[in-house]
Every structure is written in structure tokens, then in C-alpha cells.
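> Just model_3.csv, nothing more (CSV, C-alpha atoms):
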chain,number,residue,atom,x,y,z
A,1,MET,CA,46.2,11.0,-36.0
A,2,ARG,CA,46.7,8.6,-33.1
A,3,LEU,CA,50.3,9.7,-32.6
A,4,CYS,CA,49.5,13.3,-32.5
A,5,VAL,CA,46.6,12.9,-30.1
A,6,LEU,CA,48.5,10.7,-27.7
A,7,VAL,CA,51.6,12.9,-27.6
A,8,ALA,CA,49.6,16.1,-27.2
A,9,GLY,CA,47.9,14.4,-24.2
A,10,LEU,CA,51.2,13.4,-22.8
A,11,VAL,CA,52.7,16.8,-23.0
A,12,ALA,CA,49.6,18.5,-21.7
A,13,ALA,CA,49.9,16.4,-18.6
A,14,VAL,CA,53.6,17.3,-18.0
A,15,ARG,CA,54.1,17.8,-14.3
A,16,THR,CA,57.6,19.2,-14.1
A,17,SER,CA,60.8,19.6,-16.2
A,18,LYS,CA,63.7,17.6,-15.0
A,19,SER,CA,67.4,18.3,-15.0
A,20,PRO,CA,69.3,16.4,-17.8
A,21,ASP,CA,70.6,13.6,-15.5
A,22,CYS,CA,67.4,11.8,-16.4
A,23,GLU,CA,67.2,9.5,-13.4
A,24,ALA,CA,64.2,7.2,-13.2
A,25,SER,CA,61.1,9.0,-12.0
A,26,SER,CA,60.0,8.1,-8.4
A,27,ASP,CA,56.4,8.3,-9.6
A,28,LEU,CA,55.4,5.0,-11.2
A,29,ASP,CA,52.9,6.9,-13.4
A,30,THR,CA,55.5,9.1,-15.0
A,31,MET,CA,58.6,8.8,-17.1
A,32,GLN,CA,61.3,10.9,-18.7
A,33,ALA,CA,60.9,11.7,-22.3
A,34,VAL,CA,62.3,14.1,-25.0
A,35,VAL,CA,59.5,16.5,-26.1
A,36,ILE,CA,59.6,18.8,-29.2
A,37,GLU,CA,57.2,21.7,-28.9
A,38,ALA,CA,58.6,23.9,-31.8
A,39,TRP,CA,60.6,23.3,-35.0
A,40,GLY,CA,64.2,24.2,-34.8
A,41,GLY,CA,67.7,23.2,-33.9
A,42,PRO,CA,68.9,20.8,-31.2
A,43,GLU,CA,68.0,23.3,-28.6
A,44,VAL,CA,64.3,22.5,-29.0
A,45,LEU,CA,64.8,19.0,-27.6
A,46,GLN,CA,63.5,19.2,-24.1
A,47,VAL,CA,63.7,16.5,-21.4
A,48,LYS,CA,60.4,16.5,-19.5
A,49,GLU,CA,58.4,14.3,-17.1
A,50,THR,CA,55.3,12.9,-18.9
A,51,PRO,CA,52.7,10.3,-18.1
A,52,ILE,CA,53.5,6.6,-19.0
A,53,PRO,CA,51.0,5.6,-21.7
A,54,GLU,CA,48.6,2.6,-21.4
A,55,PRO,CA,48.5,0.1,-24.2
A,56,GLY,CA,45.3,-0.5,-26.2
A,57,PRO,CA,44.0,-4.0,-27.1
A,58,ALA,CA,46.6,-4.6,-29.9
A,59,GLN,CA,49.4,-2.6,-28.4
A,60,VAL,CA,52.4,-3.2,-26.2
A,61,LEU,CA,54.2,-0.9,-23.7
A,62,ILE,CA,58.0,-1.3,-23.8
A,63,LYS,CA,60.4,-0.3,-21.1
A,64,ILE,CA,63.1,1.3,-23.3
A,65,GLU,CA,66.8,0.6,-22.4
A,66,TYR,CA,68.3,2.3,-25.4
A,67,CYS,CA,66.9,4.3,-28.3
A,68,GLY,CA,68.5,4.8,-31.7
A,69,ILE,CA,69.3,8.1,-33.3
A,70,ASN,CA,68.7,8.5,-37.0
A,71,PRO,CA,69.6,11.5,-39.3
A,72,VAL,CA,66.0,11.7,-40.5
A,73,GLU,CA,64.9,12.6,-37.0
A,74,THR,CA,67.0,15.8,-37.2
A,75,TYR,CA,65.3,16.8,-40.5
A,76,ILE,CA,61.9,16.3,-38.9
A,77,ARG,CA,63.0,18.3,-35.8
A,78,ASN,CA,64.0,21.2,-38.1
A,79,GLY,CA,60.6,21.2,-39.8
A,80,THR,CA,62.2,20.6,-43.2
A,81,TYR,CA,61.1,17.0,-43.8
A,82,ALA,CA,58.2,16.4,-46.1
A,83,LYS,CA,56.2,14.3,-43.6
A,84,LYS,CA,56.0,15.9,-40.2
A,85,PRO,CA,54.0,15.0,-37.0
A,86,SER,CA,51.9,17.6,-35.3
A,87,LEU,CA,53.5,19.5,-32.5
A,88,PRO,CA,54.2,18.7,-29.7
A,89,TYR,CA,55.7,15.2,-30.2
A,90,VAL,CA,58.2,12.7,-28.8
A,91,PRO,CA,60.7,11.7,-31.6
A,92,GLY,CA,62.1,8.3,-32.4
A,93,SER,CA,61.2,4.9,-33.9
A,94,ASP,CA,64.2,2.8,-33.0
A,95,GLY,CA,64.6,1.2,-29.5
A,96,ALA,CA,65.2,-1.9,-27.5
A,97,GLY,CA,64.1,-3.1,-24.1
A,98,THR,CA,61.6,-5.4,-22.4
A,99,VAL,CA,57.9,-5.8,-22.6
A,100,GLU,CA,56.2,-4.0,-19.6
A,101,LYS,CA,52.5,-4.4,-20.4
A,102,VAL,CA,50.5,-6.0,-23.2
A,103,GLY,CA,47.0,-5.2,-24.5
A,104,ALA,CA,44.1,-7.7,-24.1
A,105,ASP,CA,44.4,-9.0,-27.7
A,106,VAL,CA,48.2,-9.5,-27.7
A,107,THR,CA,49.4,-13.1,-27.6
A,108,THR,CA,52.8,-13.1,-29.4
A,109,VAL,CA,54.8,-11.4,-26.6
A,110,LYS,CA,54.6,-11.4,-22.8
A,111,GLN,CA,55.9,-9.3,-19.9
A,112,ASN,CA,59.7,-9.2,-19.7
A,113,ASP,CA,60.3,-10.5,-23.2
A,114,ARG,CA,63.4,-8.9,-24.8
A,115,VAL,CA,62.4,-7.0,-28.0
A,116,TYR,CA,63.6,-4.4,-30.4
A,117,LEU,CA,61.3,-1.9,-32.1
A,118,THR,CA,60.6,-1.0,-35.7
A,119,GLY,CA,58.3,1.9,-34.9
A,120,SER,CA,56.4,3.5,-32.1
A,121,VAL,CA,53.0,5.2,-31.5
A,122,SER,CA,54.4,7.4,-28.8
A,123,GLY,CA,58.1,7.9,-29.7
A,124,THR,CA,61.2,6.0,-28.5
A,125,TYR,CA,63.1,9.0,-27.0
A,126,ALA,CA,61.5,8.0,-23.7
A,127,GLN,CA,61.8,5.6,-20.9
A,128,TYR,CA,58.6,3.8,-22.0
A,129,ALA,CA,57.2,3.6,-25.5
A,130,LEU,CA,53.8,2.5,-26.8
A,131,CYS,CA,53.9,0.3,-29.9
A,132,ASP,CA,51.5,-1.6,-32.1
A,133,ILE,CA,52.3,-5.3,-31.9
A,134,SER,CA,53.4,-5.2,-35.6
A,135,SER,CA,56.3,-3.0,-34.6
A,136,VAL,CA,57.7,-5.3,-31.9
A,137,GLN,CA,60.4,-7.9,-32.9
A,138,PRO,CA,62.2,-10.5,-30.8
A,139,LEU,CA,65.7,-9.6,-29.6
A,140,PRO,CA,68.0,-12.7,-29.2
A,141,GLU,CA,70.0,-13.0,-26.0
A,142,SER,CA,73.2,-12.7,-28.0
A,143,ILE,CA,72.3,-9.2,-29.1
A,144,GLY,CA,72.6,-6.4,-26.5
A,145,PHE,CA,69.9,-3.8,-25.9
A,146,ASP,CA,72.3,-1.1,-27.3
A,147,GLN,CA,72.7,-3.2,-30.4
A,148,GLY,CA,69.0,-3.8,-30.6
A,149,ALA,CA,68.4,0.0,-30.8
A,150,ALA,CA,70.6,0.0,-33.9
A,151,ILE,CA,68.5,-2.4,-35.9
A,152,GLY,CA,65.1,-1.0,-36.9
A,153,VAL,CA,65.6,1.9,-39.4
A,154,ALA,CA,69.2,0.9,-40.4
A,155,TYR,CA,68.6,-2.7,-41.2
A,156,ARG,CA,65.2,-2.2,-42.8
A,157,THR,CA,66.6,0.5,-45.0
A,158,ALA,CA,69.6,-1.5,-46.0
A,159,TYR,CA,67.5,-4.6,-46.8
A,160,ARG,CA,65.2,-2.6,-49.0
A,161,ALA,CA,68.1,-0.9,-50.8
A,162,LEU,CA,69.9,-4.1,-51.5
A,163,PHE,CA,67.2,-6.6,-52.2
A,164,ILE,CA,63.9,-4.9,-52.9
A,165,ARG,CA,65.1,-1.9,-54.9
A,166,GLY,CA,68.6,-3.0,-55.9
A,167,LYS,CA,67.7,-6.6,-56.8
A,168,LEU,CA,71.0,-7.9,-55.3
A,169,LYS,CA,71.7,-11.6,-55.9
A,170,PRO,CA,74.5,-13.8,-54.6
A,171,GLY,CA,77.8,-13.3,-56.5
A,172,MET,CA,77.0,-9.7,-57.5
A,173,SER,CA,79.2,-6.8,-56.5
A,174,VAL,CA,78.0,-4.0,-54.4
A,175,LEU,CA,79.6,-0.7,-53.3
A,176,VAL,CA,78.3,0.8,-50.0
A,177,HIS,CA,79.2,4.4,-50.3
A,178,GLY,CA,79.5,5.6,-46.7
A,179,ALA,CA,79.7,2.2,-45.1
A,180,SER,CA,80.8,3.0,-41.5
A,181,GLY,CA,77.4,4.4,-40.2
A,182,GLY,CA,74.3,2.5,-39.1
A,183,VAL,CA,72.8,1.8,-42.6
A,184,GLY,CA,76.2,1.2,-44.1
A,185,VAL,CA,77.2,-1.4,-41.5
A,186,ALA,CA,73.8,-3.1,-42.0
A,187,ALA,CA,74.2,-3.1,-45.8
A,188,VAL,CA,77.7,-4.6,-45.6
A,189,GLN,CA,76.6,-7.4,-43.3
A,190,LEU,CA,73.4,-8.2,-45.3
A,191,ALA,CA,75.2,-8.2,-48.6
A,192,ARG,CA,78.0,-10.4,-47.3
A,193,SER,CA,75.5,-12.8,-45.8
A,194,VAL,CA,74.2,-13.7,-49.3
A,195,GLY,CA,77.6,-14.1,-50.9
A,196,ALA,CA,77.9,-10.7,-52.6
A,197,ASN,CA,81.3,-9.1,-53.3
A,198,VAL,CA,81.3,-6.0,-51.1
A,199,PHE,CA,83.2,-2.8,-51.4
A,200,GLY,CA,82.8,-0.1,-48.8
A,201,THR,CA,84.0,3.4,-48.1
A,202,ALA,CA,84.8,5.2,-44.9
A,203,GLY,CA,86.6,8.4,-43.8
A,204,THR,CA,88.6,7.2,-40.8
A,205,PRO,CA,91.1,4.5,-40.0
A,206,ALA,CA,88.7,3.0,-37.5
A,207,GLY,CA,86.0,2.9,-40.0
A,208,LEU,CA,88.2,1.2,-42.6
A,209,ASP,CA,89.4,-1.4,-40.1
A,210,MET,CA,85.8,-2.1,-39.2
A,211,LEU,CA,84.9,-2.7,-42.8
A,212,ARG,CA,87.8,-5.0,-43.4
A,213,ALA,CA,86.9,-7.0,-40.2
A,214,MET,CA,83.4,-7.5,-41.7
A,215,GLY,CA,84.9,-8.8,-44.9
A,216,ALA,CA,84.5,-5.8,-47.2
A,217,THR,CA,87.2,-4.3,-49.4
A,218,ALA,CA,87.7,-0.9,-47.9
A,219,TYR,CA,88.6,2.5,-49.4
A,220,SER,CA,89.0,5.9,-47.8
A,221,HIS,CA,86.7,8.4,-49.5
A,222,ARG,CA,89.2,11.1,-48.4
A,223,THR,CA,91.9,9.6,-50.7
A,224,GLU,CA,92.0,11.3,-54.2
A,225,GLY,CA,91.2,8.8,-56.9
A,226,TYR,CA,89.6,6.2,-54.7
A,227,MET,CA,86.8,5.6,-57.2
A,228,ASP,CA,89.4,4.8,-59.9
A,229,ASP,CA,90.8,2.2,-57.5
A,230,ILE,CA,87.4,0.7,-57.0
A,231,LEU,CA,86.9,0.4,-60.8
A,232,ALA,CA,90.3,-1.1,-61.2
A,233,ASP,CA,89.6,-3.7,-58.5
A,234,THR,CA,86.6,-4.8,-60.6
A,235,ALA,CA,88.9,-5.3,-63.6
A,236,SER,CA,87.2,-2.2,-65.1
A,237,LYS,CA,83.8,-4.0,-65.2
A,238,GLY,CA,82.3,-1.8,-62.6
A,239,VAL,CA,80.0,-2.7,-59.7
A,240,ASP,CA,76.5,-4.1,-60.1
A,241,LEU,CA,74.9,-2.1,-57.3
A,242,ILE,CA,75.8,1.1,-55.3
A,243,VAL,CA,74.1,1.9,-52.0
A,244,GLU,CA,74.4,5.7,-51.8
A,245,MET,CA,74.2,7.6,-48.5
A,246,LEU,CA,75.1,11.1,-49.8
A,247,ALA,CA,73.8,11.4,-53.4
A,248,ASN,CA,74.2,15.2,-53.6
A,249,VAL,CA,78.0,14.7,-53.3
A,250,ASN,CA,78.6,11.3,-54.9
A,251,LEU,CA,75.9,10.4,-57.5
A,252,GLY,CA,77.8,11.8,-60.5
A,253,HIS,CA,80.9,9.8,-59.5
A,254,ASP,CA,78.9,6.7,-58.8
A,255,LEU,CA,77.6,6.5,-62.4
A,256,LYS,CA,81.1,6.2,-63.7
A,257,VAL,CA,81.9,3.0,-61.8
A,258,LEU,CA,78.6,1.2,-62.5
A,259,ALA,CA,78.6,-2.1,-64.5
A,260,HIS,CA,76.4,-2.4,-67.5
A,261,GLY,CA,72.9,-2.7,-66.3
A,262,GLY,CA,74.0,-1.5,-62.8
A,263,CYS,CA,71.9,0.4,-60.3
A,264,VAL,CA,72.4,3.1,-57.7
A,265,ALA,CA,70.0,2.9,-54.7
A,266,VAL,CA,69.8,6.3,-53.1
A,267,VAL,CA,69.3,6.1,-49.4
A,268,GLY,CA,70.3,9.7,-48.5
A,269,SER,CA,70.8,13.1,-50.0
A,270,ARG,CA,71.2,16.6,-48.5
A,271,GLY,CA,70.7,18.7,-51.6
A,272,GLU,CA,70.5,18.8,-55.4
A,273,VAL,CA,73.0,17.1,-57.8
A,274,SER,CA,73.8,17.4,-61.4
A,275,VAL,CA,74.6,14.3,-63.4
A,276,ASN,CA,75.4,13.4,-67.0
A,277,PRO,CA,72.5,11.3,-68.4
A,278,ARG,CA,74.9,9.8,-70.9
A,279,GLU,CA,76.6,7.9,-68.1
A,280,LEU,CA,73.3,6.1,-67.5
A,281,MET,CA,72.6,5.6,-71.2
A,282,GLN,CA,76.0,4.1,-72.0
A,283,ARG,CA,75.6,1.5,-69.2
A,284,GLU,CA,71.8,1.1,-69.5
A,285,ALA,CA,71.9,1.8,-65.8
A,286,SER,CA,69.3,3.0,-63.3
A,287,VAL,CA,69.0,5.2,-60.2
A,288,VAL,CA,66.3,4.3,-57.7
A,289,GLY,CA,65.1,5.9,-54.5
A,290,VAL,CA,64.8,4.1,-51.2
A,291,MET,CA,62.1,5.0,-48.7
A,292,GLY,CA,59.4,3.0,-47.0
A,293,GLY,CA,57.9,-0.1,-48.5
A,294,THR,CA,54.7,-2.1,-48.4
A,295,PRO,CA,53.7,-4.1,-45.3
A,296,SER,CA,54.6,-7.3,-47.0
A,297,GLU,CA,58.0,-6.0,-48.1
A,298,ILE,CA,58.7,-4.8,-44.6
A,299,ALA,CA,57.7,-8.1,-43.1
A,300,GLU,CA,60.0,-9.9,-45.6
A,301,GLY,CA,62.9,-7.7,-44.6
A,302,PHE,CA,62.5,-8.3,-40.9
A,303,ALA,CA,62.0,-12.1,-41.4
A,304,ALA,CA,65.5,-12.1,-43.1
A,305,ILE,CA,67.0,-9.7,-40.5
A,306,ASN,CA,65.7,-11.8,-37.6
A,307,ALA,CA,67.1,-14.9,-39.1
A,308,GLY,CA,70.5,-13.2,-39.5
A,309,LEU,CA,70.4,-12.0,-35.9
A,310,ARG,CA,69.6,-15.5,-34.6
A,311,GLY,CA,72.2,-17.1,-36.8
A,312,GLY,CA,75.0,-14.7,-36.1
A,313,THR,CA,75.5,-13.3,-39.6
A,314,LEU,CA,74.2,-10.0,-38.5
A,315,SER,CA,75.6,-8.1,-35.5
A,316,PRO,CA,74.7,-4.4,-35.2
A,317,VAL,CA,77.6,-2.1,-34.4
A,318,VAL,CA,77.1,0.7,-31.9
A,319,ALA,CA,79.3,3.9,-31.9
A,320,PRO,CA,81.7,4.1,-29.0
A,321,LYS,CA,80.5,7.4,-27.8
A,322,LYS,CA,78.1,7.2,-24.8
A,323,TYR,CA,74.9,9.3,-24.5
A,324,GLY,CA,72.3,9.7,-21.8
A,325,LEU,CA,68.9,11.1,-22.3
A,326,GLY,CA,70.2,14.5,-21.3
A,327,ASP,CA,72.7,14.4,-24.1
A,328,VAL,CA,70.1,14.1,-26.9
A,329,ALA,CA,71.0,17.6,-28.3
A,330,THR,CA,74.6,16.5,-28.7
A,331,ALA,CA,73.6,13.3,-30.3
A,332,HIS,CA,71.6,15.2,-32.9
A,333,VAL,CA,74.6,17.3,-33.8
A,334,ASP,CA,76.9,14.2,-33.9
A,335,VAL,CA,74.7,12.1,-36.1
A,336,ILE,CA,75.0,14.7,-38.8
A,337,ASP,CA,78.5,16.1,-38.3
A,338,ARG,CA,80.3,12.9,-37.2
A,339,LYS,CA,83.3,15.0,-36.3
A,340,ASP,CA,83.9,13.3,-32.9
A,341,PRO,CA,86.1,10.2,-33.6
A,342,GLU,CA,83.9,8.2,-31.1
A,343,CYS,CA,80.8,8.7,-33.2
A,344,GLN,CA,82.2,7.9,-36.7
A,345,THR,CA,81.6,4.2,-36.7
A,346,GLY,CA,78.3,2.4,-36.1
A,347,LYS,CA,74.9,3.6,-34.9
A,348,LEU,CA,74.4,6.3,-32.2
A,349,VAL,CA,72.2,5.2,-29.3
A,350,ILE,CA,71.0,6.8,-26.1
A,351,LYS,CA,70.8,5.0,-22.8
A,352,MET,CA,67.5,5.7,-21.1
A,353,TRP,CA,68.2,4.8,-17.5
A,354,GLN,CA,71.2,6.1,-15.5
Write the structure described by the file as C-alpha cells, please.

Amino acid sequence: MRLCVLVAGLVAAVRTSKSPDCEASSDLDTMQAVVIEAWGGPEVLQVKETPIPEPGPAQVLIKIEYCGINPVETYIRNGTYAKKPSLPYVPGSDGAGTVEKVGADVTTVKQNDRVYLTGSVSGTYAQYALCDISSVQPLPESIGFDQGAAIGVAYRTAYRALFIRGKLKPGMSVLVHGASGGVGVAAVQLARSVGANVFGTAGTPAGLDMLRAMGATAYSHRTEGYMDDILADTASKGVDLIVEMLANVNLGHDLKVLAHGGCVAVVGSRGEVSVNPRELMQREASVVGVMGGTPSEIAEGFAAINAGLRGGTLSPVVAPKKYGLGDVATAHVDVIDRKDPECQTGKLVIKMWQ
């Protein structure tokens, strides 16, 4: 695999390990990157000095200003995810920055263009990332680099959950269960942008305030009986679609607030769950999984996302907590636990240059 060969080459050429302050390298041929050499906990995330990769004919080298942190990256790091890269590797697929170099066949971007990434050949937990041109999207001037790092996985996943798998249409109702994180914010904004009636849950006052500011009807999932309140607010009809971030906890409850013919789109789960099939039968409802998508579906999603970014209907939200590259282990804890109030709303991102 190209990723594995490239990263193995990068790590083999490591010159020295740096302290976690992660200042820019004085050697123009090297950069700071997070390297994983063994499966395990956050302690396996090592900041190292590695060579800056060179783009191939259809590739682009991006100077990364911020990278995004996604829960799936912690599952991969642990070695428990179904699809794993070969060791060693540089994690990350989300990021934003400027074009540093372009390959000979690239005509759609040029040096210094502002971009965000939807994938990377070499990994985005690094000061420079190598990308296929298909993974490079334009970043409007109105969107900051930190916001740009919050787009890729979150908005692609939310779009697929809502419109590809969930078949959301204007005027329908949607519950975003766990709406204060990266995917949740994206789902609320995308659903609102097409005229859906949006309900969202969060666990903190700040999260609830954010959802209301985005136009959603907000509920605390820490309040007993909140699902009954959601059902009552639909006049007992139920919601047409639920975007579910924690199915192992919520799926059984979700089925009870679905409208007839409704759907639960499962984005995340951390274990098994037991449900009563009669809840599905009575409503003729469905549960669908959300994962990748075909190239044409992904292209459709980013065409819509880019239009929303340009038009102002989409505006990624970044968590208030600040991380540098040396704080990556803390970020991996926070993206799962969300105990720190400053990382409970929006997407966690890491600043690459200090």
C-alpha cells in the first residue's frame, strides 16, 4: 500500500526526536510529525522529526496549519479497528492549510492556495501532508484554518447520514443524538440548511446554547425523560430521522420516538446493544449504518458542503480548548472522554506551528 510504504520510509529516515514544543524545524527537508510505531494507548503517539515528502504527478504537498482529531483515530491507534494501516504510520485525514507544492499533472490548485483536506496519503498529524488531488478542497477566506480542519470527516459523515442513508428531505424532522460534537454540529447545520425541523441533544449548558443558536430545539440528555419531551414536541408523531452517535447506549430508546417509516442512521457505537424488534415492526422503521460511500456519493457531498461554506449556511465550530502538536496524547483522551468543559462543544483541532 502506498501509505504504508511512504510512512515506513519517513520513519526509517527519522533523524532525531524533538521535545513536545514542536517548533518548526530549521532544516527545510524535515518536519515535525506524530508517528505511531506500536498499537496502544495515547502514550504511543510520538512526536518525531521526519523528512518532508515530495508530491507525485497527481499529488499535492500541503503545509498544515491545523489538523482535526476524530474518535476513529483512537480506535485505529488502539489496534481495535477493523481496517488498520501497517506500522509505523502517521495518523490523521483532516487538516487545513496552504498548498506548498503541486505535482506535474495538477492544474486545479497552485502554490499558496487555501485548502482543506478530506484525506491524506501520508497523514495529517504533521506539519506537511501529502495528498492526492482528489482529497484537496478549496477553503473560503471566510473560514479559518482551524475551522477548515473540522470539515472533512465530520461534514462528509453528516451529509451521508442525512441525505444518502437517511433520505432527508425539506420539511422532515430529524433528531441529532449527540449534537454538540463535530459530526453533530455538521448534521444540525446541514439539516437546517435544507429546511428540516431539527432536534438536538447535548450534555452541557454550553452545548445546549450552541444548538439553540444554530436553530435547533435543544434537549439535555442528562435530564430524565428527555426522550418523552422530544416525542411530545412532535405531537406524538415521532421524528422522521435520527442521527445516532452512540448506538450502544441510545438505539433502544431511539426506536420509541421514530415516526412511522422513520429511520435511525448509526454513525457511532462503542459496544453491543439489545433492541426490541417489535418497535421497528410497529413503525415499519429501519436502522442503517453509516460508513464510507462511493466516489460519486463523496463528490456529491463535498459539492454541497462547499456550496454551504461559500454561502454561509455552514460554519464549522471548533472546541475552545487549544492543542499544540505536543498535546496530541491529551487530545486523544479528550476526544473520547469529553470531560473538560473546553472540549465539549465542536471539533478538536491541533495547531501545527507554534
> With a distance cut-off of 6 Å and all atoms listed in the file, select the neighbouring residues of Val267 in chain A, excluding the residue or stretch itself and same-chain residues fewer than 5 positions from it, and output the selection as a PyMOL selection string.
chain A and resi 244-245+290
> Report, in Å with one decimal, the straight-line distance from CA of Leu190 in chain A to CA of Gly123 in chain A.
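Distance reported for this atom pair: 27.1 Å.
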> How far is it from CA of Gln354 in chain A to CA of Trp39 in chain A, in Å with one decimal?
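According to the coordinates, CA of Gln354 in chain A and CA of Trp39 in chain A are separated by 28.1 Å.
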> Contacts of range 205-209 of chain A at 6 Å or less, counting only C-alpha atoms, minus same-chain residues fewer than 6 places along, as a list in words?
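Contacts, in chain order: Ser180, Ala218 and Thr345 of chain A.
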> May I have the residues within 12 Å of Glu279 in chain A as number ranges by chain, using all atoms listed in the file and disregarding those fewer than 4 positions away in the same chain?
A: 251-263, 274-275, 283-287
> Nearest to Tyr159 in chain A among A:Ala265, A:Leu231, A:Val99, A:Leu325, with distances taken over all atoms listed in the file: which residue is it?
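Checking each of A:Ala265, A:Leu231, A:Val99, A:Leu325 against Tyr159 in chain A, counting all atoms listed in the file, the winner is A:Ala265.
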> Counting only C-alpha atoms, which residue out of A:Leu175, A:Val188, A:Val47, A:Ala196 sits closest to Gln32 in chain A?
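Residue with the minimum atom-to-atom distance to Gln32 in chain A: A:Val47.
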> For CA of Ala149 in chain A and CA of Thr50 in chain A, determine how far apart the two atoms are, in Å to one decimal place.
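CA of Thr50 in chain A lies 21.9 Å from CA of Ala149 in chain A.
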> Which residue gives the smallest distance to Val194 in chain A among A:Arg114, A:Leu314, A:Val153, A:His332, with only C-alpha atoms counted?
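Closest to Val194 in chain A, using only C-alpha atoms: A:Leu314.
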> Select, from A:Gly171, A:Gly271, A:Pro55, A:Pro85, the residue with the minimum atom-to-atom distance to Asn250 in chain A, counting all atoms listed in the file.
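Nearest to Asn250 in chain A: A:Gly271.
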> Excluding Ala319 in chain A and any residue of its chain fewer than 2 positions from it, enumerate the residues within 6 Å of it, using all atoms listed in the file, and give them as a VMD selection string.
chain A and resid 321 343 345 to 348
> Since the input is missing atoms, can you rebuild N, CA and C atoms for range 266-277 of chain A and write them as a tab-separated table (two decimals), in the coordinates of the input?

chain	number	residue	atom	x	y	z
A	266	VAL	N	69.54	5.10	-53.91
A	266	VAL	CA	69.80	6.30	-53.10
A	266	VAL	C	69.06	6.24	-51.81
A	267	VAL	N	69.84	6.16	-50.75
A	267	VAL	CA	69.30	6.10	-49.40
A	267	VAL	C	69.25	7.50	-48.77
A	268	GLY	N	70.23	8.35	-49.08
A	268	GLY	CA	70.30	9.70	-48.50
A	268	GLY	C	70.82	10.71	-49.42
A	269	SER	N	70.37	11.95	-49.22
A	269	SER	CA	70.80	13.10	-50.00
A	269	SER	C	70.53	14.36	-49.19
A	270	ARG	N	71.43	15.33	-49.24
A	270	ARG	CA	71.20	16.60	-48.50
A	270	ARG	C	71.19	17.78	-49.42
A	271	GLY	N	70.81	17.56	-50.67
A	271	GLY	CA	70.70	18.70	-51.60
A	271	GLY	C	70.58	18.17	-53.03
A	272	GLU	N	70.64	19.10	-53.96
A	272	GLU	CA	70.50	18.80	-55.40
A	272	GLU	C	71.84	18.31	-55.94
A	273	VAL	N	71.78	17.64	-57.11
A	273	VAL	CA	73.00	17.10	-57.80
A	273	VAL	C	72.78	17.20	-59.27
A	274	SER	N	73.85	17.44	-59.97
A	274	SER	CA	73.80	17.40	-61.40
A	274	SER	C	74.58	16.23	-61.95
A	275	VAL	N	73.95	15.48	-62.86
A	275	VAL	CA	74.60	14.30	-63.40
A	275	VAL	C	74.53	14.34	-64.94
A	276	ASN	N	75.39	13.56	-65.57
A	276	ASN	CA	75.40	13.40	-67.00
A	276	ASN	C	74.55	12.22	-67.42
A	277	PRO	N	73.39	12.43	-68.03
A	277	PRO	CA	72.50	11.30	-68.40
A	277	PRO	C	73.23	10.28	-69.31
